[in-house]
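Taking it in order: structure first as structure tokens, then the write-up.
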Amino acid sequence: MDIQEQINALREQLNLWSHQYYDQDAPTVSDYEYDMTLRELERLEAEHPELVTPDSPTQRVGGQALDAFQQVQHEVPLQSLQDVFAPEELSAFAQRVQEVSAKPQWIFEPKVDGLSVALEYVDGVFVRGATRGDGQVGEDVTENLRTVRSIPLKIKNAPHRLIVRGECYMARTVFQKLNAQREENGKPLMANPRNAAAGSLRQLDPKIAAKRRLDCIIFNIQLTDGPTFPTDSASLDYLGSLGFPVIDHPVYPDLASVSKAIAELGDDRERYPFDIDGAVIKLDTLEQRELLGATAKFPRWAAAWKYPPEQKETVLEDIVVQVGRTGVLTPKAVVRPVHLAGTTVTNATLHNQDFITEKDIRIGDTVILQKAGEIIPQVVSVVKEKRPDGTKPYLLPRTCPVCGAPIARDEDGAALRCTGAECPAQLVRNITHFASRDAMDIEGLGPAVVQQLVEEGLIASPGDLYNLDFDRVAQLEGLGEKSARNLKKALEKSKSQGLSRLLTAFGIRQVGAKAAQTLSRKFQTLDRLMEATEEELTETEDIGNITARSLIQWFAAGQSRHLIETLRTAGISFESTEQPVGEALAGKTFVLTGTLTQYSRSEAKKLLEAQGANVAGSVSKKTSYVIAGEAAGSKLTKAQELGVPVLTEADLTEILEGNFREESSWR
Ligand code: AMP
């Protein structure tokens, strides 16, 4: 056998196996044998690149990466379908058809929830595949479609030209495997098989598309110069005989049988390996289709019955509460396992306390579940008639199920949050925040390193950072002696950051960098701040009741006290680095304009603020004084218009030296 013959034989063999596997559901060899044979063909083709043809099975795995997709003008548009949601809508549709066709035959197909594609064959060779796009213009995804094993790359006895339309989909089992893998690798899960298929088909790298294992099922001849048939069903049978995987297409003589089929399919949506979102009803006789024609969007001879999302009843056996990385409690329903929309469901989302309260969901209740696009189903409602005796309204715990710290409700929402400063569930995030630039600014302590330290059991609280075993840090993967030394230095340096940054680092709700600075300036030491009463706190500029209460609650908590004492022992500075605020200029608002000679703008601003003044950027009625330097511009004019007193740089110096007098005497 010469090389060409060998190659031909291998291709024939592989095509036959693919056909058996995908179209007949009857594989005759193992995947392993298939892969080995494919590899042999790849080897021969690599040695003889001049013999590679686009229809070779090797081309399914995708060669070159695509830059972007070319546009394809569809020769025959890929139209949409009119939806029907109710029996009356269905009979109205049928009646319109009957005006043209007295006794219509109905072809009935599942509506595959995937992506529509047009596949073009020339002399039996698959030459181009395109997405539907807007129906007129789609994208050329030929390379990716070549990787779909159920699309024949070469068909025998084909007409010169043939364009078929089908639906690309990801089988539910493939989707579940893909998601399981993504979960293992910590990647976000795909919402549903349709999205996964869409993402795969539009991958720029066909190798990735190949790994996703898409499938395709054909439901129409778009164009051909080959044999024609009186009915759609006959043309689909013809496609089947050519080796295409063709959609199920029973034909019914009346609407009653169609309605029955709709109901049956609705109850048994798992009949097919793909998700379906409806049933498609089409007039079978092609000549009559011509008479009915189409609107701008869809043909008048077809309709899509849309099923509502599937719902199932089951028993809510328990509610478990998880604590997220930010401390938010999320209740999750544990339900008696039930088969729903293709998967066995054991959990459902309950969102938050408000959701539970509004629907009055209780442990022991019989509930209705529904999946609508998402992976985890929702509780739609409670079947109150089936409620057993002795149930109680469900309330989320008042203490954190992970660390036991008190739970607080967010001021501005429905979330309940654990307040534990050392809560294990929030550890990575809390420590990362503690070390962040606005807080203790510990270089080299980003989320990845923190995660590592926590996983290795080296830290269980921000306080542990100052007791780190650096020998062990040096042994961690990706770190080493030098990083450990640098981390040690950075931690040492952070000890003297001072009160304001330390307060920010605690991550107390409502207390950001700005509030931390104000508090630090006013109270000067952590111990003074901890002793402050609610009134003292609220007297501080910009600190309201909510912030004050949040502070008091945080300082009162056991975990916070523990953290503070650990930090004290480690020698962390609890002192303010900010000057105490003078009271002399409290309540006065200054605006600076023009060029000052002795101070920079920011210097003057700082000095004024240190005496309790507020320094604003623009002049308004609320401005107490404008300090005008040289070449002052519009702000000066504005001040004059509003009658705001204007002072000079010399006046400013006097004020800063402590010689402030009331407004009237400056005029
Ligand atoms: P819609 O997405 O609601 O516009 O419905 C039209 C879409 O249904 C088409 O673009 C096809 O992608 C899809 N479809 C799935 N299965 C079939 C089928 N058996 N016959 C016709 N269209 C189908």
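Simple scheme: letters A, B, ... for chains in structure tokens order, numbers from 1 for residues in each chain, numbers from 1 for ligands in the order shown.
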message: List the spatial neighbours of A:Leu119 as a ChimeraX atom specification - criterion: any atom at most 8 Å away, only C-alpha atoms, same-chain residues fewer than 3 positions off excluded.
response: /A:126-130,163-166
- request: Give the residues close to ligand 1, within 9 Å, counting only C-alpha atoms and all ligand atoms; write them as a VMD selection string.
  value: chain A and resid 78 to 83 108 to 117 132 135 165 to 168 217 to 220 247 to 249 276 to 282 297 to 298 302 to 304 306
Surrounding residues of A:Leu551 excluding itself and chain neighbours under 4 positions, 7 Å, only C-alpha atoms, as number ranges by chain: A: 508, 547, 555
- request: Looking only at strand (DSSP E or B) from DSSP on the backbone, list the matching residues of stretch 278-525 of chain A as number ranges by chain.
  value: A: 278-283, 285, 294, 299, 302-306, 311-323, 328-340, 343-349, 366-370, 378-382, 399, 406-409, 416-418, 525
With C-alpha atoms kept, could you save the residues just selected as an mmCIF file, in the first residue's frame?
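Everything below was put into selection_19.cif:
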```
data_model
loop_
_atom_site.group_PDB
_atom_site.id
_atom_site.type_symbol
_atom_site.label_atom_id
_atom_site.label_comp_id
_atom_site.auth_asym_id
_atom_site.auth_seq_id
_atom_site.Cartn_x
_atom_site.Cartn_y
_atom_site.Cartn_z
ATOM 1 C CA GLY A 278 -39.725 23.677 23.685
ATOM 2 C CA ALA A 279 -41.322 21.643 20.953
ATOM 3 C CA VAL A 280 -41.390 22.708 17.313
ATOM 4 C CA ILE A 281 -44.466 22.128 15.178
ATOM 5 C CA LYS A 282 -44.065 22.527 11.428
ATOM 6 C CA LEU A 283 -46.233 21.988 8.410
ATOM 7 C CA THR A 285 -45.717 19.644 3.013
ATOM 8 C CA ALA A 294 -42.810 34.119 6.105
ATOM 9 C CA PRO A 299 -42.009 31.411 8.816
ATOM 10 C CA ALA A 302 -43.997 26.723 12.051
ATOM 11 C CA ALA A 303 -44.388 27.482 15.745
ATOM 12 C CA ALA A 304 -42.418 26.776 18.901
ATOM 13 C CA TRP A 305 -44.285 25.627 21.975
ATOM 14 C CA LYS A 306 -42.308 26.961 24.922
ATOM 15 C CA GLN A 311 -40.702 22.378 38.595
ATOM 16 C CA LYS A 312 -40.641 19.567 41.124
ATOM 17 C CA GLU A 313 -41.987 19.062 44.573
ATOM 18 C CA THR A 314 -39.775 17.785 47.369
ATOM 19 C CA VAL A 315 -39.250 17.997 51.110
ATOM 20 C CA LEU A 316 -36.971 20.568 52.705
ATOM 21 C CA GLU A 317 -35.101 18.475 55.234
ATOM 22 C CA ASP A 318 -32.771 21.059 56.685
ATOM 23 C CA ILE A 319 -31.364 24.535 56.316
ATOM 24 C CA VAL A 320 -27.623 24.892 56.592
ATOM 25 C CA VAL A 321 -25.931 28.240 56.966
ATOM 26 C CA GLN A 322 -22.654 28.988 55.272
ATOM 27 C CA VAL A 323 -20.366 31.886 56.100
ATOM 28 C CA VAL A 328 -22.175 37.091 55.009
ATOM 29 C CA LEU A 329 -24.404 34.228 56.134
ATOM 30 C CA THR A 330 -26.081 32.331 53.304
ATOM 31 C CA PRO A 331 -28.809 29.873 54.101
ATOM 32 C CA LYS A 332 -29.020 26.837 51.867
ATOM 33 C CA ALA A 333 -31.859 24.358 51.699
ATOM 34 C CA VAL A 334 -31.023 20.686 51.968
ATOM 35 C CA VAL A 335 -33.782 18.845 50.144
ATOM 36 C CA ARG A 336 -34.782 15.229 49.656
ATOM 37 C CA PRO A 337 -33.015 14.312 46.372
ATOM 38 C CA VAL A 338 -35.209 14.911 43.359
ATOM 39 C CA HIS A 339 -34.628 14.718 39.630
ATOM 40 C CA LEU A 340 -35.055 18.149 38.047
ATOM 41 C CA THR A 343 -29.765 16.653 37.335
ATOM 42 C CA THR A 344 -30.352 15.196 40.750
ATOM 43 C CA VAL A 345 -30.962 18.102 43.068
ATOM 44 C CA THR A 346 -30.063 18.004 46.756
ATOM 45 C CA ASN A 347 -29.693 21.738 47.507
ATOM 46 C CA ALA A 348 -31.565 24.919 46.763
ATOM 47 C CA THR A 349 -30.811 28.603 47.182
ATOM 48 C CA THR A 366 -42.863 20.495 51.126
ATOM 49 C CA VAL A 367 -41.513 22.981 48.598
ATOM 50 C CA ILE A 368 -41.652 23.554 44.850
ATOM 51 C CA LEU A 369 -38.252 23.809 43.189
ATOM 52 C CA GLN A 370 -37.433 25.280 39.839
ATOM 53 C CA GLN A 378 -34.651 28.070 43.605
ATOM 54 C CA VAL A 379 -37.442 27.492 46.064
ATOM 55 C CA VAL A 380 -40.477 28.876 44.256
ATOM 56 C CA SER A 381 -43.063 28.331 46.959
ATOM 57 C CA VAL A 382 -44.162 26.294 49.925
ATOM 58 C CA THR A 399 -24.202 33.823 66.330
ATOM 59 C CA PRO A 406 -22.417 37.830 67.142
ATOM 60 C CA ILE A 407 -24.200 38.399 63.836
ATOM 61 C CA ALA A 408 -25.133 41.899 62.697
ATOM 62 C CA ARG A 409 -27.467 42.967 59.915
ATOM 63 C CA LEU A 416 -26.524 39.216 57.928
ATOM 64 C CA ARG A 417 -22.853 39.225 58.720
ATOM 65 C CA CYS A 418 -20.517 37.627 61.261
ATOM 66 C CA THR A 525 -4.574 56.146 71.499
#
```
- request: Enumerate, as a PyMOL selection string, the complete set of residues in stretch 482-568 of chain A that a backbone-based DSSP assignment places in alpha helix (DSSP H).
  value: chain A and resi 482-494+499-506+513-523+526-531+534-538+545-556+558-568
Using only C-alpha atoms: which of A:Gln105, A:Gln176, A:Gln510, A:Ser560 has the shortest distance to A:Pro250: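 Nearest to A:Pro250: A:Gln105.
Between atom CA of A:Glu535 and atom CA of A:Thr518 there is a distance of 15.4 Å.
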Pick from A:Ser494, A:Thr231, A:Asn430, A:Gln475, whichever lies nearest to A:Glu456 using only C-alpha atoms: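 So, comparing all the options, the nearest one is A:Gln475.
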query: Of the candidates A:Arg568, A:Lys638, A:Arg289, A:His74, which one gets nearest to A:Lys621 if we count only C-alpha atoms?
result: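 Of all the options, A:Lys638 lies closest to A:Lys621.
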A:Asp354: which residues within 9 Å, counting only C-alpha atoms, same-chain residues fewer than 4 positions away excluded, as a short mmCIF file (atom, residue, chain, number, x, y, z; two decimals) with C-alpha atoms, in the first residue's frame?
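So the final result, stored in part-v7.cif, reads:
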```cif
data_model
loop_
_atom_site.label_atom_id
_atom_site.label_comp_id
_atom_site.auth_asym_id
_atom_site.auth_seq_id
_atom_site.Cartn_x
_atom_site.Cartn_y
_atom_site.Cartn_z
CA GLU A 358 -41.40 36.40 52.89
CA LYS A 359 -42.16 32.87 51.67
CA ALA A 414 -30.69 42.19 53.78
CA ALA A 415 -27.32 40.60 54.49
#
```
- request: Provide the atom CA of A:Asp254 to atom CA of A:Pro87 distance in Å, to one decimal place.
  value: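 Going from atom CA of A:Asp254 over to atom CA of A:Pro87 covers 13.9 Å.
Residue nearest A:Leu223 within the list A:Arg172, A:Arg43, A:Lys635, A:His160: A:His160 [criterion: smallest interatomic distance, only C-alpha atoms].
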task: Please identify all polymer residues within 12 Å of A:Gly390, counting only C-alpha atoms, omitting same-chain residues fewer than 4 positions from it, and present them as a list in words.
output: Arg362, Ile363, Gly364 and Asp365 of chain A
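If you look at atom CA of A:Thr623 and atom CA of A:Thr589, they are 5.2 Å away from each other.
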- prompt: Do you know which residues are at most 10 Å from A:Lys588 counting only C-alpha atoms, after dropping those on the same chain fewer than 5 positions away, and could you put them as a PyMOL selection string?
  reply: chain A and resi 608-609+611-615+622-625
Can I get the selection written as a short mmCIF file (atom, residue, chain, number, x, y, z; two decimals), in the first residue's frame, with all heavy atoms?
```cif
data_model
loop_
_atom_site.label_atom_id
_atom_site.label_comp_id
_atom_site.auth_asym_id
_atom_site.auth_seq_id
_atom_site.Cartn_x
_atom_site.Cartn_y
_atom_site.Cartn_z
N LEU A 608 -4.27 74.06 58.55
CA LEU A 608 -5.60 74.55 58.95
C LEU A 608 -6.41 73.41 59.56
O LEU A 608 -7.06 73.57 60.60
CB LEU A 608 -6.34 75.10 57.72
CG LEU A 608 -5.88 76.50 57.27
CD1 LEU A 608 -6.42 76.80 55.87
CD2 LEU A 608 -6.35 77.57 58.25
N GLU A 609 -6.35 72.27 58.93
CA GLU A 609 -7.12 71.12 59.42
C GLU A 609 -6.67 70.69 60.80
O GLU A 609 -7.47 70.24 61.63
CB GLU A 609 -7.01 69.94 58.44
CG GLU A 609 -7.89 70.12 57.21
CD GLU A 609 -7.70 69.03 56.16
OE1 GLU A 609 -6.70 68.29 56.25
OE2 GLU A 609 -8.54 68.93 55.27
N GLN A 611 -6.00 72.45 63.09
CA GLN A 611 -6.66 73.26 64.12
C GLN A 611 -8.17 73.11 64.05
O GLN A 611 -8.91 73.93 64.57
CB GLN A 611 -6.25 74.73 63.95
CG GLN A 611 -4.75 74.90 64.16
CD GLN A 611 -4.38 76.32 64.51
OE1 GLN A 611 -5.14 77.02 65.20
NE2 GLN A 611 -3.22 76.76 64.06
N GLY A 612 -8.60 72.08 63.33
CA GLY A 612 -10.03 71.77 63.34
C GLY A 612 -10.80 72.38 62.19
O GLY A 612 -12.02 72.22 62.11
N ALA A 613 -10.12 73.10 61.28
CA ALA A 613 -10.85 73.74 60.19
C ALA A 613 -11.17 72.72 59.11
O ALA A 613 -10.55 71.68 59.01
CB ALA A 613 -10.00 74.86 59.60
N ASN A 614 -12.16 73.11 58.33
CA ASN A 614 -12.49 72.32 57.16
C ASN A 614 -11.97 73.10 55.96
O ASN A 614 -12.14 74.31 55.91
CB ASN A 614 -14.02 72.18 57.13
CG ASN A 614 -14.47 71.28 56.00
OD1 ASN A 614 -13.69 70.48 55.51
ND2 ASN A 614 -15.72 71.44 55.60
N VAL A 615 -11.29 72.44 55.02
CA VAL A 615 -10.80 73.16 53.85
C VAL A 615 -11.52 72.63 52.62
O VAL A 615 -11.44 71.44 52.31
CB VAL A 615 -9.27 73.00 53.69
CG1 VAL A 615 -8.77 73.75 52.46
CG2 VAL A 615 -8.57 73.51 54.94
N LYS A 622 -21.55 78.72 52.41
CA LYS A 622 -21.10 78.12 53.66
C LYS A 622 -19.64 78.42 53.96
O LYS A 622 -19.15 78.12 55.05
CB LYS A 622 -21.29 76.59 53.60
CG LYS A 622 -22.73 76.17 53.62
CD LYS A 622 -22.84 74.71 53.98
CE LYS A 622 -24.27 74.22 53.79
NZ LYS A 622 -24.34 72.96 53.11
N THR A 623 -18.93 78.97 52.98
CA THR A 623 -17.50 79.26 53.19
C THR A 623 -17.36 80.36 54.24
O THR A 623 -18.03 81.38 54.17
CB THR A 623 -16.87 79.73 51.87
OG1 THR A 623 -17.25 78.82 50.84
CG2 THR A 623 -15.36 79.81 51.97
N SER A 624 -16.47 80.13 55.22
CA SER A 624 -16.26 81.17 56.24
C SER A 624 -15.27 82.22 55.73
O SER A 624 -15.50 83.42 55.86
CB SER A 624 -15.71 80.57 57.53
OG SER A 624 -16.32 79.34 57.81
N TYR A 625 -14.17 81.74 55.16
CA TYR A 625 -13.13 82.65 54.66
C TYR A 625 -12.51 82.12 53.40
O TYR A 625 -12.31 80.92 53.26
CB TYR A 625 -12.00 82.80 55.70
CG TYR A 625 -12.48 83.27 57.06
CD1 TYR A 625 -12.65 82.37 58.10
CD2 TYR A 625 -12.78 84.62 57.28
CE1 TYR A 625 -13.11 82.77 59.33
CE2 TYR A 625 -13.24 85.05 58.52
CZ TYR A 625 -13.41 84.12 59.54
OH TYR A 625 -13.87 84.52 60.75
#
```
task: Compile the contact shell of A:Ala256 as a PyMOL selection string: residues with an atom at most 12 Å away, counting only C-alpha atoms, same-chain residues fewer than 4 positions apart removed.
output: chain A and resi 87+90-91+94+105-106+252+260-263
Would you mind exporting all heavy atoms of the selected residues as a PDB file, in the first residue's frame?
```pdb
ATOM      1  N   PRO A  87     -52.625  26.587  24.720  1.00  0.00           N
ATOM      2  CA  PRO A  87     -53.364  25.813  23.726  1.00  0.00           C
ATOM      3  C   PRO A  87     -54.107  26.702  22.717  1.00  0.00           C
ATOM      4  O   PRO A  87     -54.150  26.403  21.528  1.00  0.00           O
ATOM      5  CB  PRO A  87     -54.357  25.005  24.567  1.00  0.00           C
ATOM      6  CG  PRO A  87     -53.717  24.897  25.911  1.00  0.00           C
ATOM      7  CD  PRO A  87     -52.917  26.140  26.099  1.00  0.00           C
ATOM      8  N   LEU A  90     -51.839  27.904  20.133  1.00  0.00           N
ATOM      9  CA  LEU A  90     -51.487  26.819  19.221  1.00  0.00           C
ATOM     10  C   LEU A  90     -52.596  26.612  18.189  1.00  0.00           C
ATOM     11  O   LEU A  90     -52.343  26.513  16.992  1.00  0.00           O
ATOM     12  CB  LEU A  90     -51.232  25.527  20.006  1.00  0.00           C
ATOM     13  CG  LEU A  90     -50.819  24.329  19.177  1.00  0.00           C
ATOM     14  CD1 LEU A  90     -49.461  24.560  18.531  1.00  0.00           C
ATOM     15  CD2 LEU A  90     -50.787  23.054  20.022  1.00  0.00           C
ATOM     16  N   SER A  91     -53.871  26.604  18.654  1.00  0.00           N
ATOM     17  CA  SER A  91     -54.939  26.374  17.665  1.00  0.00           C
ATOM     18  C   SER A  91     -55.093  27.580  16.742  1.00  0.00           C
ATOM     19  O   SER A  91     -55.430  27.407  15.565  1.00  0.00           O
ATOM     20  CB  SER A  91     -56.276  25.983  18.310  1.00  0.00           C
ATOM     21  OG  SER A  91     -56.376  26.441  19.595  1.00  0.00           O
ATOM     22  N   ALA A  94     -52.635  26.975  14.129  1.00  0.00           N
ATOM     23  CA  ALA A  94     -53.051  25.886  13.238  1.00  0.00           C
ATOM     24  C   ALA A  94     -54.142  26.360  12.277  1.00  0.00           C
ATOM     25  O   ALA A  94     -54.143  26.013  11.095  1.00  0.00           O
ATOM     26  CB  ALA A  94     -53.540  24.711  14.069  1.00  0.00           C
ATOM     27  N   GLN A 105     -50.463  17.997   7.621  1.00  0.00           N
ATOM     28  CA  GLN A 105     -49.703  16.990   8.370  1.00  0.00           C
ATOM     29  C   GLN A 105     -48.674  17.769   9.190  1.00  0.00           C
ATOM     30  O   GLN A 105     -47.976  18.644   8.653  1.00  0.00           O
ATOM     31  CB  GLN A 105     -48.963  16.064   7.395  1.00  0.00           C
ATOM     32  CG  GLN A 105     -49.867  15.247   6.501  1.00  0.00           C
ATOM     33  CD  GLN A 105     -50.399  14.025   7.235  1.00  0.00           C
ATOM     34  OE1 GLN A 105     -49.652  13.254   7.791  1.00  0.00           O
ATOM     35  NE2 GLN A 105     -51.725  13.868   7.237  1.00  0.00           N
ATOM     36  N   TRP A 106     -48.583  17.434  10.458  1.00  0.00           N
ATOM     37  CA  TRP A 106     -47.670  18.187  11.329  1.00  0.00           C
ATOM     38  C   TRP A 106     -46.422  17.377  11.652  1.00  0.00           C
ATOM     39  O   TRP A 106     -46.521  16.236  12.078  1.00  0.00           O
ATOM     40  CB  TRP A 106     -48.357  18.556  12.644  1.00  0.00           C
ATOM     41  CG  TRP A 106     -49.596  19.383  12.481  1.00  0.00           C
ATOM     42  CD1 TRP A 106     -50.877  18.951  12.665  1.00  0.00           C
ATOM     43  CD2 TRP A 106     -49.665  20.744  12.104  1.00  0.00           C
ATOM     44  NE1 TRP A 106     -51.753  19.971  12.439  1.00  0.00           N
ATOM     45  CE2 TRP A 106     -51.040  21.089  12.094  1.00  0.00           C
ATOM     46  CE3 TRP A 106     -48.735  21.723  11.766  1.00  0.00           C
ATOM     47  CZ2 TRP A 106     -51.490  22.373  11.761  1.00  0.00           C
ATOM     48  CZ3 TRP A 106     -49.182  22.992  11.446  1.00  0.00           C
ATOM     49  CH2 TRP A 106     -50.531  23.313  11.444  1.00  0.00           C
ATOM     50  N   TYR A 252     -47.713  13.929  12.569  1.00  0.00           N
ATOM     51  CA  TYR A 252     -49.050  13.678  13.113  1.00  0.00           C
ATOM     52  C   TYR A 252     -50.117  14.251  12.199  1.00  0.00           C
ATOM     53  O   TYR A 252     -49.933  15.321  11.615  1.00  0.00           O
ATOM     54  CB  TYR A 252     -49.170  14.303  14.512  1.00  0.00           C
ATOM     55  CG  TYR A 252     -48.241  13.664  15.518  1.00  0.00           C
ATOM     56  CD1 TYR A 252     -47.171  14.382  16.042  1.00  0.00           C
ATOM     57  CD2 TYR A 252     -48.428  12.347  15.929  1.00  0.00           C
ATOM     58  CE1 TYR A 252     -46.312  13.810  16.968  1.00  0.00           C
ATOM     59  CE2 TYR A 252     -47.567  11.763  16.847  1.00  0.00           C
ATOM     60  CZ  TYR A 252     -46.516  12.498  17.371  1.00  0.00           C
ATOM     61  OH  TYR A 252     -45.679  11.918  18.267  1.00  0.00           O
ATOM     62  N   LYS A 260     -50.927  16.102  22.384  1.00  0.00           N
ATOM     63  CA  LYS A 260     -50.552  14.990  23.243  1.00  0.00           C
ATOM     64  C   LYS A 260     -49.020  14.840  23.259  1.00  0.00           C
ATOM     65  O   LYS A 260     -48.406  14.673  24.315  1.00  0.00           O
ATOM     66  CB  LYS A 260     -51.210  13.704  22.719  1.00  0.00           C
ATOM     67  CG  LYS A 260     -51.203  12.587  23.697  1.00  0.00           C
ATOM     68  CD  LYS A 260     -52.244  11.527  23.308  1.00  0.00           C
ATOM     69  CE  LYS A 260     -51.776  10.169  23.767  1.00  0.00           C
ATOM     70  NZ  LYS A 260     -51.301   9.278  22.707  1.00  0.00           N
ATOM     71  N   ALA A 261     -48.442  14.929  22.086  1.00  0.00           N
ATOM     72  CA  ALA A 261     -46.978  14.804  21.992  1.00  0.00           C
ATOM     73  C   ALA A 261     -46.286  15.929  22.776  1.00  0.00           C
ATOM     74  O   ALA A 261     -45.270  15.706  23.437  1.00  0.00           O
ATOM     75  CB  ALA A 261     -46.549  14.833  20.530  1.00  0.00           C
ATOM     76  N   ILE A 262     -46.872  17.134  22.709  1.00  0.00           N
ATOM     77  CA  ILE A 262     -46.298  18.267  23.451  1.00  0.00           C
ATOM     78  C   ILE A 262     -46.288  17.959  24.941  1.00  0.00           C
ATOM     79  O   ILE A 262     -45.286  18.136  25.631  1.00  0.00           O
ATOM     80  CB  ILE A 262     -47.098  19.567  23.183  1.00  0.00           C
ATOM     81  CG1 ILE A 262     -46.862  20.051  21.754  1.00  0.00           C
ATOM     82  CG2 ILE A 262     -46.723  20.647  24.190  1.00  0.00           C
ATOM     83  CD1 ILE A 262     -47.664  21.279  21.374  1.00  0.00           C
ATOM     84  N   ALA A 263     -47.434  17.468  25.419  1.00  0.00           N
ATOM     85  CA  ALA A 263     -47.546  17.180  26.843  1.00  0.00           C
ATOM     86  C   ALA A 263     -46.570  16.079  27.258  1.00  0.00           C
ATOM     87  O   ALA A 263     -45.901  16.183  28.292  1.00  0.00           O
ATOM     88  CB  ALA A 263     -48.977  16.788  27.184  1.00  0.00           C
TER      89      ALA A 263
END
```
